[in-house]
file entry_34.tsv (TSV, C-alpha atoms)
chain	number	residue	atom	x	y	z
A	12	MET	CA	27.95	6.92	10.68
A	13	ILE	CA	25.63	9.54	12.24
A	14	VAL	CA	27.56	12.78	12.57
A	15	SER	CA	24.90	15.34	13.43
A	16	ALA	CA	21.30	15.78	14.44
A	17	ILE	CA	18.80	18.60	14.56
A	18	VAL	CA	15.51	18.56	16.45
A	19	PHE	CA	12.25	20.07	15.19
A	20	THR	CA	9.17	20.52	17.37
A	21	ILE	CA	5.88	20.43	15.46
A	22	TRP	CA	2.74	22.07	16.80
A	23	VAL	CA	-0.43	21.37	14.85
A	24	PRO	CA	-3.58	23.53	15.23
A	25	ALA	CA	-6.26	22.12	17.50
A	26	ASP	CA	-8.81	21.75	14.69
A	27	VAL	CA	-6.72	19.00	13.06
A	28	GLN	CA	-5.63	17.17	16.19
A	29	ALA	CA	-5.44	13.37	16.04
A	30	GLU	CA	-6.74	11.18	18.84
A	31	GLU	CA	-3.97	9.54	20.85
A	32	THR	CA	-5.73	6.18	20.89
A	33	VAL	CA	-7.80	4.41	18.27
A	34	PRO	CA	-10.78	2.32	19.46
A	35	VAL	CA	-10.48	-0.46	16.88
A	36	LEU	CA	-12.38	-3.62	17.77
A	37	ALA	CA	-10.66	-6.03	15.40
A	38	ASP	CA	-8.08	-8.79	15.47
A	39	ALA	CA	-5.80	-6.61	13.34
A	40	ALA	CA	-5.86	-3.10	11.92
A	41	ILE	CA	-3.66	-0.57	10.18
A	42	VAL	CA	-4.00	2.87	8.60
A	43	VAL	CA	-1.37	4.32	6.28
A	44	ASP	CA	-0.69	7.30	4.03
A	45	ALA	CA	-1.43	5.97	0.53
A	46	GLU	CA	1.18	8.21	-1.08
A	47	THR	CA	4.23	7.39	1.04
A	48	GLY	CA	3.24	4.23	2.90
A	49	GLN	CA	3.81	5.95	6.26
A	50	ILE	CA	2.11	3.91	9.00
A	51	LEU	CA	-0.09	6.14	11.15
A	52	TYR	CA	-1.42	3.39	13.41
A	53	GLY	CA	-0.99	-0.36	13.62
A	54	GLN	CA	-2.64	-2.99	15.78
A	55	ASN	CA	-1.44	-6.58	15.55
A	56	ASP	CA	-0.81	-5.72	11.91
A	57	GLU	CA	1.83	-8.38	11.25
A	58	ALA	CA	-0.33	-11.31	12.38
A	59	VAL	CA	-1.22	-13.63	9.49
A	60	LEU	CA	-5.01	-13.98	9.27
A	61	GLY	CA	-7.70	-14.87	6.76
A	62	ILE	CA	-8.34	-12.23	4.11
A	63	ALA	CA	-11.49	-13.59	2.41
A	64	SER	CA	-12.55	-11.53	-0.63
A	65	MET	CA	-9.89	-8.89	-0.05
A	66	SER	CA	-7.98	-11.52	-2.08
A	67	LYS	CA	-9.77	-10.20	-5.16
A	68	MET	CA	-7.53	-7.12	-5.09
A	69	MET	CA	-4.72	-9.39	-6.28
A	70	SER	CA	-7.00	-10.84	-8.95
A	71	GLU	CA	-7.81	-7.27	-10.00
A	72	TYR	CA	-4.13	-6.36	-10.11
A	73	LEU	CA	-3.32	-9.33	-12.35
A	74	LEU	CA	-6.25	-8.49	-14.62
A	75	PHE	CA	-5.11	-4.88	-15.07
A	76	GLU	CA	-1.57	-6.10	-15.68
A	77	ALA	CA	-2.79	-8.61	-18.29
A	78	ILE	CA	-4.79	-5.85	-20.02
A	79	GLU	CA	-1.75	-3.56	-19.97
A	80	GLU	CA	0.49	-6.27	-21.43
A	81	GLY	CA	-2.01	-7.25	-24.13
A	82	VAL	CA	-2.58	-10.75	-22.77
A	83	VAL	CA	-6.34	-10.07	-22.72
A	84	SER	CA	-8.61	-7.16	-23.58
A	85	TRP	CA	-11.76	-5.82	-21.97
A	86	ASP	CA	-13.78	-7.13	-24.93
A	87	ASP	CA	-12.41	-10.67	-24.80
A	88	GLU	CA	-15.16	-13.23	-24.28
A	89	TYR	CA	-15.03	-15.89	-21.58
A	90	GLU	CA	-16.69	-19.21	-22.37
A	91	VAL	CA	-18.24	-20.49	-19.16
A	92	THR	CA	-16.80	-23.75	-17.81
A	93	ASP	CA	-18.56	-26.34	-15.70
A	94	TYR	CA	-16.54	-25.09	-12.71
A	95	SER	CA	-17.53	-21.43	-12.95
A	96	HIS	CA	-21.12	-22.32	-13.89
A	97	ARG	CA	-21.64	-24.53	-10.84
A	98	ILE	CA	-20.11	-21.96	-8.50
A	99	SER	CA	-22.29	-19.19	-10.00
A	100	GLN	CA	-25.44	-21.14	-9.09
A	101	ASP	CA	-24.51	-21.38	-5.41
A	102	LEU	CA	-26.94	-19.04	-3.63
A	103	ARG	CA	-24.82	-19.05	-0.46
A	104	LEU	CA	-22.19	-17.01	-2.26
A	105	SER	CA	-22.00	-13.57	-3.77
A	106	ASN	CA	-22.47	-14.22	-7.49
A	107	VAL	CA	-23.97	-13.15	-10.76
A	108	PRO	CA	-25.61	-16.02	-12.67
A	109	LEU	CA	-23.54	-17.41	-15.52
A	110	ARG	CA	-25.15	-19.56	-18.23
A	111	ARG	CA	-23.34	-22.82	-18.97
A	112	ASP	CA	-23.54	-22.09	-22.69
A	113	GLY	CA	-22.94	-18.35	-22.27
A	114	SER	CA	-20.02	-16.02	-22.85
A	115	TYR	CA	-19.14	-12.85	-20.96
A	116	THR	CA	-16.68	-10.04	-21.61
A	117	MET	CA	-13.79	-9.34	-19.28
A	118	LYS	CA	-15.38	-5.95	-18.59
A	119	GLU	CA	-18.62	-7.59	-17.41
A	120	LEU	CA	-16.81	-10.07	-15.20
A	121	TYR	CA	-14.52	-7.37	-13.80
A	122	GLU	CA	-17.43	-5.11	-12.83
A	123	ALA	CA	-19.15	-8.04	-11.14
A	124	MET	CA	-15.96	-8.84	-9.22
A	125	ALA	CA	-15.11	-5.25	-8.21
A	126	ILE	CA	-18.63	-4.11	-7.24
A	127	TYR	CA	-20.45	-7.27	-6.19
A	128	SER	CA	-17.49	-9.49	-5.21
A	129	ALA	CA	-18.87	-12.11	-7.63
A	130	ASN	CA	-16.96	-15.33	-7.11
A	131	ALA	CA	-17.67	-17.23	-10.31
A	132	ALA	CA	-16.88	-14.08	-12.30
A	133	THR	CA	-13.50	-13.99	-10.58
A	134	ILE	CA	-12.84	-17.61	-11.49
A	135	GLY	CA	-13.74	-16.77	-15.09
A	136	ILE	CA	-11.16	-13.99	-15.13
A	137	ALA	CA	-8.54	-16.32	-13.63
A	138	GLU	CA	-9.21	-19.02	-16.22
A	139	THR	CA	-9.08	-16.52	-19.07
A	140	ILE	CA	-5.73	-15.06	-18.02
A	141	ALA	CA	-3.94	-18.21	-16.90
A	142	GLY	CA	-5.84	-21.11	-18.45
A	143	THR	CA	-6.57	-22.65	-15.06
A	144	GLU	CA	-7.20	-21.30	-11.60
A	145	LYS	CA	-4.26	-23.39	-10.37
A	146	GLU	CA	-1.89	-21.46	-12.66
A	147	PHE	CA	-3.54	-18.17	-11.70
A	148	VAL	CA	-2.95	-18.93	-8.01
A	149	ARG	CA	0.72	-19.46	-8.78
A	150	MET	CA	0.73	-16.04	-10.45
A	151	MET	CA	-0.93	-14.53	-7.36
A	152	ASN	CA	1.71	-15.90	-5.02
A	153	ASP	CA	4.54	-14.89	-7.35
A	154	LYS	CA	3.18	-11.36	-7.69
A	155	ALA	CA	2.89	-11.07	-3.90
A	156	LYS	CA	6.60	-11.88	-3.55
A	157	GLU	CA	7.38	-9.38	-6.31
A	158	MET	CA	5.54	-6.75	-4.25
A	159	GLY	CA	7.70	-7.60	-1.24
A	160	ILE	CA	4.91	-9.50	0.52
A	161	GLU	CA	6.42	-12.55	2.20
A	162	ASP	CA	3.50	-13.75	4.32
A	163	ALA	CA	0.85	-14.18	1.59
A	164	HIS	CA	-0.60	-17.63	0.97
A	165	PHE	CA	-3.14	-17.79	-1.86
A	166	VAL	CA	-4.98	-21.05	-2.53
A	167	ASN	CA	-7.67	-19.71	-4.88
A	168	SER	CA	-8.57	-16.58	-6.83
A	169	THR	CA	-11.67	-15.60	-4.84
A	170	GLY	CA	-10.90	-15.74	-1.11
A	171	LEU	CA	-13.58	-18.35	-0.47
A	172	ASN	CA	-12.86	-21.31	1.73
A	173	ASN	CA	-11.92	-24.13	-0.61
A	174	SER	CA	-14.76	-26.19	0.84
A	175	PHE	CA	-17.19	-23.96	-1.11
A	176	LEU	CA	-15.57	-24.88	-4.42
A	177	LEU	CA	-17.44	-28.20	-4.69
A	178	GLY	CA	-14.31	-30.34	-4.82
A	179	MET	CA	-12.94	-28.32	-7.76
A	180	HIS	CA	-10.45	-26.26	-5.75
A	181	PRO	CA	-7.04	-25.74	-7.38
A	182	GLU	CA	-4.87	-28.83	-7.44
A	183	GLY	CA	-2.28	-28.88	-4.69
A	184	THR	CA	-4.37	-26.90	-2.20
A	185	GLY	CA	-6.28	-28.25	0.81
A	186	GLU	CA	-10.01	-28.86	0.63
A	187	ASP	CA	-10.69	-26.44	3.50
A	188	GLU	CA	-7.82	-23.95	3.05
A	189	GLU	CA	-8.24	-20.18	2.75
A	190	ASN	CA	-6.10	-17.29	1.60
A	191	THR	CA	-4.10	-15.62	4.37
A	192	MET	CA	-2.00	-12.51	4.83
A	193	SER	CA	-1.27	-9.88	7.47
A	194	ALA	CA	-3.06	-6.52	7.66
A	195	ARG	CA	0.22	-4.80	6.83
A	196	SER	CA	0.59	-6.92	3.70
A	197	VAL	CA	-3.01	-6.23	2.68
A	198	ALA	CA	-2.12	-2.53	2.93
A	199	VAL	CA	0.94	-3.14	0.70
A	200	LEU	CA	-1.27	-4.88	-1.88
A	201	THR	CA	-3.86	-2.09	-1.70
A	202	LYS	CA	-1.18	0.57	-2.16
A	203	ALA	CA	0.31	-1.30	-5.14
A	204	LEU	CA	-3.11	-1.51	-6.79
A	205	LEU	CA	-3.78	2.21	-6.23
A	206	ASP	CA	-0.28	3.21	-7.35
A	207	ASP	CA	-0.18	1.14	-10.53
A	208	TYR	CA	-3.85	1.06	-11.54
A	209	PRO	CA	-5.69	3.98	-9.90
A	210	GLU	CA	-8.51	3.52	-12.41
A	211	ILE	CA	-9.70	0.68	-10.14
A	212	LEU	CA	-11.50	3.39	-8.15
A	213	ASP	CA	-13.65	4.35	-11.15
A	214	THR	CA	-15.43	1.02	-10.68
A	215	ALA	CA	-14.93	0.41	-6.96
A	216	LYS	CA	-16.79	3.63	-6.12
A	217	ILE	CA	-19.97	2.68	-8.04
A	218	PRO	CA	-22.72	2.13	-5.42
A	219	GLU	CA	-24.76	-0.18	-7.64
A	220	LEU	CA	-24.91	-1.42	-11.21
A	221	MET	CA	-27.19	-3.69	-13.22
A	222	PHE	CA	-25.48	-6.79	-14.58
A	223	ARG	CA	-26.63	-7.65	-18.12
A	224	GLU	CA	-29.35	-5.02	-17.98
A	225	GLY	CA	-32.27	-5.68	-20.28
A	226	THR	CA	-31.69	-9.44	-20.46
A	227	PRO	CA	-33.41	-12.29	-18.58
A	228	ASP	CA	-30.17	-12.64	-16.58
A	229	GLN	CA	-30.07	-9.09	-15.28
A	230	ILE	CA	-29.28	-8.74	-11.59
A	231	ARG	CA	-28.87	-5.64	-9.46
A	232	MET	CA	-25.34	-5.53	-8.05
A	233	VAL	CA	-25.18	-3.48	-4.84
A	234	ASN	CA	-21.68	-2.61	-3.69
A	235	TRP	CA	-20.71	-4.39	-0.46
A	236	ASN	CA	-18.77	-1.28	0.55
A	237	THR	CA	-21.59	0.64	2.18
A	238	MET	CA	-19.23	3.42	3.32
A	239	LEU	CA	-19.57	4.90	-0.17
A	240	PRO	CA	-21.44	8.22	-0.44
A	241	GLY	CA	-25.21	7.79	-0.23
A	242	MET	CA	-25.02	4.30	1.31
A	243	ASP	CA	-25.86	3.09	4.82
A	244	HIS	CA	-22.46	3.76	6.43
A	245	GLU	CA	-21.29	6.57	4.17
A	246	TYR	CA	-17.97	8.25	4.93
A	247	GLU	CA	-16.74	11.48	3.40
A	248	GLY	CA	-14.11	10.84	0.74
A	249	MET	CA	-14.61	7.05	0.59
A	250	ASP	CA	-14.20	5.59	-2.91
A	251	GLY	CA	-13.01	1.98	-2.48
A	252	LEU	CA	-11.90	-0.69	-2.17
A	253	LYS	CA	-12.68	-4.31	-1.11
A	254	THR	CA	-14.63	-6.07	1.58
A	255	GLY	CA	-14.19	-9.66	2.68
A	256	THR	CA	-16.25	-12.05	4.80
A	257	THR	CA	-15.91	-15.73	5.67
A	258	ASP	CA	-16.30	-17.64	8.92
A	259	PHE	CA	-12.53	-17.94	9.16
A	260	ALA	CA	-11.64	-14.35	8.19
A	261	GLY	CA	-14.58	-12.70	9.90
A	262	HIS	CA	-15.73	-9.28	8.71
A	263	SER	CA	-12.80	-7.56	7.06
A	264	PHE	CA	-12.25	-4.53	4.83
A	265	ALA	CA	-9.52	-2.72	2.94
A	266	GLY	CA	-10.88	0.79	2.48
A	267	THR	CA	-9.51	4.00	1.03
A	268	ALA	CA	-10.68	7.59	1.29
A	269	LYS	CA	-9.34	10.95	0.18
A	270	ARG	CA	-9.75	14.35	1.84
A	271	ASP	CA	-7.96	17.64	1.22
A	272	GLY	CA	-5.42	16.01	-1.06
A	273	ILE	CA	-4.52	13.23	1.39
A	274	ARG	CA	-5.45	9.62	0.60
A	275	LEU	CA	-5.45	7.01	3.35
A	276	ILE	CA	-5.64	3.23	3.30
A	277	ALA	CA	-7.29	1.47	6.24
A	278	VAL	CA	-7.39	-2.30	6.77
A	279	VAL	CA	-9.43	-4.07	9.44
A	280	MET	CA	-9.49	-7.84	9.92
A	281	LYS	CA	-12.09	-9.78	11.87
A	282	ALA	CA	-13.88	-6.73	13.25
A	283	VAL	CA	-16.40	-7.12	16.07
A	284	ASP	CA	-18.87	-4.92	17.94
A	285	THR	CA	-18.82	-4.11	21.65
A	286	GLU	CA	-20.51	-7.46	22.34
A	287	GLY	CA	-17.74	-9.29	20.54
A	288	GLU	CA	-19.90	-10.17	17.55
A	289	GLY	CA	-18.75	-9.74	13.98
A	290	SER	CA	-20.95	-7.78	11.57
A	291	TYR	CA	-20.86	-5.63	8.47
A	292	LYS	CA	-21.42	-2.56	10.64
A	293	ALA	CA	-18.56	-3.56	12.97
A	294	ARG	CA	-16.02	-3.56	10.15
A	295	PHE	CA	-17.18	-0.17	8.94
A	296	ASP	CA	-17.16	1.25	12.48
A	297	ALA	CA	-13.57	0.05	12.88
A	298	THR	CA	-12.63	1.53	9.50
A	299	ARG	CA	-14.25	4.84	10.44
A	300	ALA	CA	-12.19	4.98	13.64
A	301	LEU	CA	-8.97	4.34	11.70
A	302	LEU	CA	-9.73	6.93	9.03
A	303	ASP	CA	-10.82	9.54	11.58
A	304	HIS	CA	-7.51	8.99	13.33
A	305	GLY	CA	-5.54	9.27	10.13
A	306	PHE	CA	-7.29	12.38	8.91
A	307	GLY	CA	-6.42	13.98	12.24
A	308	PHE	CA	-2.83	14.12	10.97
A	309	GLN	CA	-1.64	16.83	8.62
A	310	GLU	CA	1.14	17.00	6.08
A	311	THR	CA	4.16	18.68	7.64
A	312	GLU	CA	7.51	19.61	6.13
A	313	ILE	CA	10.30	18.49	8.44
A	314	MET	CA	13.13	19.90	6.32
A	315	LYS	CA	13.12	22.02	3.18
A	316	ALA	CA	15.05	21.25	0.01
A	317	GLY	CA	18.44	22.92	0.29
A	318	GLN	CA	18.26	23.18	4.08
A	319	GLN	CA	21.53	22.61	5.94
A	320	PHE	CA	22.14	20.98	9.30
A	321	MET	CA	22.97	23.52	11.96
A	322	GLY	CA	26.54	22.89	13.09
A	323	GLN	CA	27.12	20.47	10.24
A	324	GLU	CA	26.91	22.71	7.19
A	325	SER	CA	29.92	20.99	5.58
A	326	ILE	CA	32.09	17.89	5.80
A	327	PRO	CA	35.86	17.45	5.36
A	328	VAL	CA	37.43	16.84	1.94
A	329	ALA	CA	40.83	15.21	1.48
A	330	LYS	CA	43.17	16.28	-1.33
A	331	GLY	CA	40.84	19.03	-2.44
A	332	GLU	CA	41.29	22.68	-3.34
A	333	LYS	CA	39.12	23.33	-0.27
A	334	GLU	CA	39.20	21.44	3.00
A	335	GLN	CA	35.39	21.39	3.37
A	336	VAL	CA	32.42	20.87	1.05
A	337	ALA	CA	29.01	22.37	1.83
A	338	ILE	CA	26.14	19.88	2.09
A	339	ALA	CA	22.34	20.20	2.24
A	340	VAL	CA	19.14	18.17	2.04
A	341	LYS	CA	18.39	17.30	-1.59
A	342	GLU	CA	14.59	16.97	-1.41
A	343	PRO	CA	12.03	18.34	1.03
A	344	ILE	CA	11.16	15.85	3.77
A	345	ARG	CA	7.44	15.66	4.44
A	346	LEU	CA	5.34	13.37	6.56
A	347	LEU	CA	1.91	13.22	8.15
A	348	ALA	CA	2.24	14.46	11.72
A	349	PRO	CA	-0.13	14.12	14.70
A	350	SER	CA	-1.49	16.91	16.86
A	351	SER	CA	1.84	17.74	18.46
A	352	GLY	CA	5.20	16.17	18.92
A	353	THR	CA	8.93	16.35	18.47
A	354	TYR	CA	10.68	14.99	15.41
A	355	GLN	CA	14.40	14.55	15.17
A	356	ALA	CA	16.14	14.61	11.80
A	357	GLU	CA	19.49	12.86	11.86
A	358	LEU	CA	22.22	13.16	9.25
A	359	GLU	CA	23.84	9.85	8.34
A	360	LEU	CA	26.83	9.89	5.98
A	361	THR	CA	27.17	7.13	3.41
A	362	GLU	CA	30.91	6.81	4.07
A	363	ALA	CA	33.33	8.04	6.68
A	364	ALA	CA	34.61	11.59	6.22
A	365	PRO	CA	36.79	13.00	4.82
A	366	LEU	CA	35.63	12.50	1.24
A	367	GLU	CA	38.42	12.41	-1.30
A	368	ALA	CA	38.34	15.08	-4.02
A	369	THR	CA	37.04	15.57	-6.61
A	370	VAL	CA	33.58	16.00	-5.02
A	371	GLU	CA	30.95	16.99	-7.59
A	372	GLU	CA	28.03	19.32	-6.94
A	373	GLY	CA	24.94	17.13	-6.51
A	374	GLN	CA	26.95	14.12	-5.34
A	375	LEU	CA	25.04	12.18	-2.69
A	376	VAL	CA	26.98	12.03	0.55
A	377	GLY	CA	24.36	10.79	3.02
A	378	LYS	CA	20.72	10.60	3.99
A	379	VAL	CA	18.33	11.85	6.64
A	380	ARG	CA	16.62	9.60	9.13
A	381	VAL	CA	13.47	10.94	10.83
A	382	LEU	CA	12.80	9.84	14.41
A	383	ASP	CA	9.67	10.40	16.47
A	384	SER	CA	9.49	11.79	20.00
A	385	GLU	CA	10.37	8.36	21.43
A	386	GLY	CA	13.49	8.06	19.29
A	387	SER	CA	12.00	5.45	16.95
A	388	GLU	CA	12.35	5.84	13.22
A	389	VAL	CA	9.07	6.80	11.55
A	390	GLU	CA	7.71	3.54	10.15
A	391	TYR	CA	6.67	2.85	6.57
A	392	LEU	CA	5.26	-0.14	4.72
A	393	LYS	CA	7.98	-2.57	3.60
A	394	GLY	CA	10.54	-0.39	5.36
A	395	GLU	CA	10.12	2.27	2.68
A	396	LYS	CA	11.43	5.71	3.58
A	397	PRO	CA	10.68	9.04	1.96
A	398	ALA	CA	13.35	10.32	-0.39
A	399	ALA	CA	15.76	12.17	1.90
A	400	GLY	CA	19.16	12.35	0.30
A	401	VAL	CA	21.92	14.71	1.44
A	402	GLU	CA	24.12	16.13	-1.32
A	403	ALA	CA	27.15	18.32	-1.90
A	404	ILE	CA	25.95	21.76	-3.01
A	405	GLU	CA	29.25	22.79	-4.56
A	406	THR	CA	32.12	21.21	-6.46
A	407	VAL	CA	35.49	20.80	-4.78
A	408	ASP	CA	38.15	19.93	-7.34
A	409	ARG	CA	41.22	17.90	-6.58
A	410	ALA	CA	44.22	20.09	-5.70
A	411	ASN	CA	47.19	20.06	-8.10
A	412	TRP	CA	50.37	18.17	-7.21
A	413	PHE	CA	52.19	21.30	-6.03
A	414	ALA	CA	49.42	22.30	-3.61
A	415	LEU	CA	49.22	18.74	-2.29
A	416	SER	CA	52.99	18.66	-1.80
A	417	MET	CA	52.97	22.00	0.05
A	418	LYS	CA	50.10	20.89	2.24
A	419	GLY	CA	51.94	17.67	3.03
A	420	ALA	CA	55.01	19.60	4.05
A	421	VAL	CA	53.02	21.95	6.25
A	422	ASP	CA	51.24	19.04	7.92
A	423	PHE	CA	54.58	17.35	8.54
A	424	ILE	CA	56.03	20.46	10.19
A	425	LYS	CA	52.91	20.90	12.32
A	426	GLY	CA	53.29	17.31	13.42
A	427	LEU	CA	56.75	18.02	14.78
A	428	PHE	CA	55.36	20.48	17.25
call {"tool": "encode", "arguments": {"input": "entry_34.tsv", "output": "structure tokens"}}
result
Amino acid sequence: MIVSAIVFTIWVPADVQAEETVPVLADAAIVVDAETGQILYGQNDEAVLGIASMSKMMSEYLLFEAIEEGVVSWDDEYEVTDYSHRISQDLRLSNVPLRRDGSYTMKELYEAMAIYSANAATIGIAETIAGTEKEFVRMMNDKAKEMGIEDAHFVNSTGLNNSFLLGMHPEGTGEDEENTMSARSVAVLTKALLDDYPEILDTAKIPELMFREGTPDQIRMVNWNTMLPGMDHEYEGMDGLKTGTTDFAGHSFAGTAKRDGIRLIAVVMKAVDTEGEGSYKARFDATRALLDHGFGFQETEIMKAGQQFMGQESIPVAKGEKEQVAIAVKEPIRLLAPSSGTYQAELELTEAAPLEATVEEGQLVGKVRVLDSEGSEVEYLKGEKPAAGVEAIETVDRANWFALSMKGAVDFIKGLF
């Protein structure tokens, strides 16, 4: 039950103004605050589309989890199988060469996957963790559901079209299937990876690295994310995360950048240029537009911790020593706000007043909902909301039996008149 509301008008200085529109030439796009999951802009972001090698973020997540749980270690050796060897020799694909009789550490395969999007290396990681890629794909789909992602459909560990897997695609999947997900869900996956394993960025931000340096198999791995500092499409603050390209998925990218303490996640899917053609540059141009838009917002405190609602500083208490208990916002409420606008903070009680004594100091009695200038609730990934509890800021003990009896008598007499 909403019992009160207070309106705040936010004016942001001109030098941090956000553009009202975002020129994103892509089938789907989204930009969010990496800390809270607040959606700053979305474009067709719930449409389920191909995700190509952005799939490898789930493979990375499962690898980090397996390392954390002791299932594998960075020094564990992978013995190359016929499957991974044959895929590694396919010059149409992004790969590092794997010898049929060779062995490679998880660290080597991980770096090849994270920097160079190496497909056979990814298969090697999947086989090491799960025994087979089929079992690893099951783990990928299960982990997606655990993350609250309902629209994910993984058919392999790499993001390739199954037709590139030379008839060795995981059992139970179609011979020309691909991994699919919405842009919003890709953002959820990206946020989960950054939240749980932020060390991913230590590798994702490396512009180039030599695989097996000093051996006959050495190969220069240049990061496909050319928005990294010093690369062709460099962007200030960019340090990850994963590109993806197939005919079905087009040119896609899940990127992240940090400026002035604010980290954003931007996802573009099937980006095109002004002529309608997909290209590496098109996906980075679209990402740049999203990030420029997002960095035009600034962190703003809507309500302070301990702040009370004007005209609703307390709520009724039944059978208490006092008839009212004072309430206030438990935690500060912050969000990223655009150049100017009105935000409305509404108090919503968890149960109908009056509360029955005893009411303890610190007892949660409601929450705050934040609405934008159009009256819509500020949107977050997975419906997440910032912590915004409302609590009692004093204790109201239950009245003794004599006081309750006297009050009952007084109320009865008042009722007669």
call {"tool": "closest_atom_pairs", "arguments": {"input": "entry_34.tsv", "of": "region 243-273 of chain A", "to": "region 57-61 of chain A", "cutoff": "9 Å", "atoms": "all atoms listed in the file", "output": "Markdown table"}}
result
| residue | atom | partner | partner_atom | distance |
| --- | --- | --- | --- | --- |
| A:Thr257 | CA | A:Gly61 | CA | 8.3 |
| A:Phe259 | CA | A:Gly61 | CA | 6.2 |
| A:Ala260 | CA | A:Gly61 | CA | 4.2 |
| A:Gly261 | CA | A:Gly61 | CA | 7.9 |
| A:Ser263 | CA | A:Gly61 | CA | 8.9 |
call {"tool": "atom_distance", "arguments": {"input": "entry_34.tsv", "atom1": "CA of Val336 (chain A)", "atom2": "CA of Ala403 (chain A)"}}
result
6.6 Å
call {"tool": "residues_around", "arguments": {"input": "entry_34.tsv", "residues": "Glu144 (chain A)", "least_positions_apart": "4", "cutoff": "10 Å", "atoms": "all atoms listed in the file", "output": "compact mmCIF listing (two decimals) with C-alpha atoms, keeping the file's coordinate frame"}}
result
# COMPACT_ATOMS: atom_id res chain seq x y z
CA THR A 133 -13.50 -13.99 -10.58
CA ILE A 134 -12.84 -17.61 -11.49
CA GLY A 135 -13.74 -16.77 -15.09
CA ILE A 136 -11.16 -13.99 -15.13
CA ALA A 137 -8.54 -16.32 -13.63
CA GLU A 138 -9.21 -19.02 -16.22
CA THR A 139 -9.08 -16.52 -19.07
CA ILE A 140 -5.73 -15.06 -18.02
CA VAL A 148 -2.95 -18.93 -8.01
CA ARG A 149 0.72 -19.46 -8.78
CA MET A 150 0.73 -16.04 -10.45
CA VAL A 166 -4.98 -21.05 -2.53
CA ASN A 167 -7.67 -19.71 -4.88
CA SER A 168 -8.57 -16.58 -6.83
CA THR A 169 -11.67 -15.60 -4.84
CA MET A 179 -12.94 -28.32 -7.76
CA HIS A 180 -10.45 -26.26 -5.75
CA PRO A 181 -7.04 -25.74 -7.38
CA GLU A 182 -4.87 -28.83 -7.44
call {"tool": "atom_distance", "arguments": {"input": "entry_34.tsv", "atom1": "CA of Ala348 (chain A)", "atom2": "CA of Glu390 (chain A)"}}
result
12.3 Å
call {"tool": "atom_distance", "arguments": {"input": "entry_34.tsv", "atom1": "CA of Gly159 (chain A)", "atom2": "CA of Leu200 (chain A)"}}
result
9.4 Å
call {"tool": "residues_near_point", "arguments": {"input": "entry_34.tsv", "point": "(-27.4, -8.0, -17.7)", "cutoff": "12 Å", "atoms": "all atoms listed in the file", "output": "ChimeraX atom specification"}}
result
/A:107-110,115-116,119-120,122-123,220-232
call {"tool": "closest_residue", "arguments": {"input": "entry_34.tsv", "among": "A:Ala37, A:Val376, A:Met158, A:Ala410", "to": "Ala300 (chain A)", "atoms": "only C-alpha atoms"}}
result
A:Ala37
call {"tool": "closest_residue", "arguments": {"input": "entry_34.tsv", "among": "A:Val35, A:Val82, A:Val278, A:Met117", "to": "Ile62 (chain A)", "atoms": "all atoms listed in the file"}}
result
A:Val278
call {"tool": "closest_residue", "arguments": {"input": "entry_34.tsv", "among": "A:Thr267, A:Gln49, A:Thr214, A:Asn234", "to": "Tyr246 (chain A)", "atoms": "all atoms listed in the file"}}
result
A:Thr267
call {"tool": "closest_residue", "arguments": {"input": "entry_34.tsv", "among": "A:Thr184, A:Gly317, A:Ala125, A:Arg294", "to": "Lys145 (chain A)", "atoms": "only C-alpha atoms"}}
result
A:Thr184
call {"tool": "residues_around", "arguments": {"input": "entry_34.tsv", "residues": "region 215-218 of chain A", "least_positions_apart": "2", "cutoff": "7 Å", "atoms": "all atoms listed in the file", "output": "MDAnalysis selection string"}}
result
chainID A and resid 125:126 211:213 233:234 239 250:252
call {"tool": "residues_around", "arguments": {"input": "entry_34.tsv", "residues": "Arg97 (chain A)", "least_positions_apart": "5", "cutoff": "9 Å", "atoms": "only C-alpha atoms", "output": "tab-separated table (two decimals) with C-alpha atoms, in the frame of the given file"}}
result
chain	number	residue	atom	x	y	z
A	92	THR	CA	-16.80	-23.75	-17.81
A	109	LEU	CA	-23.54	-17.41	-15.52
A	111	ARG	CA	-23.34	-22.82	-18.97
A	131	ALA	CA	-17.67	-17.23	-10.31
A	176	LEU	CA	-15.57	-24.88	-4.42
A	177	LEU	CA	-17.44	-28.20	-4.69
call {"tool": "residues_around", "arguments": {"input": "entry_34.tsv", "residues": "Phe264 (chain A)", "least_positions_apart": "6", "cutoff": "10 Å", "atoms": "all atoms listed in the file", "output": "ChimeraX atom specification"}}
result
/A:40,62-65,194,197,235-236,251-256,277-282,291,294-295,297-298
call {"tool": "closest_residue", "arguments": {"input": "entry_34.tsv", "among": "A:Lys202, A:Arg380, A:Arg274, A:Lys118", "to": "Gln309 (chain A)", "atoms": "all atoms listed in the file"}}
result
A:Arg274
call {"tool": "closest_residue", "arguments": {"input": "entry_34.tsv", "among": "A:Glu402, A:Asp56, A:Asp153, A:Asp93", "to": "Met69 (chain A)", "atoms": "only C-alpha atoms"}}
result
A:Asp153
call {"tool": "residues_around", "arguments": {"input": "entry_34.tsv", "residues": "Val91 (chain A)", "least_positions_apart": "5", "cutoff": "7 Å", "atoms": "all atoms listed in the file", "output": "list of chain:residue names"}}
result
A:His96, A:Arg111, A:Asp112, A:Gly113, A:Ser114
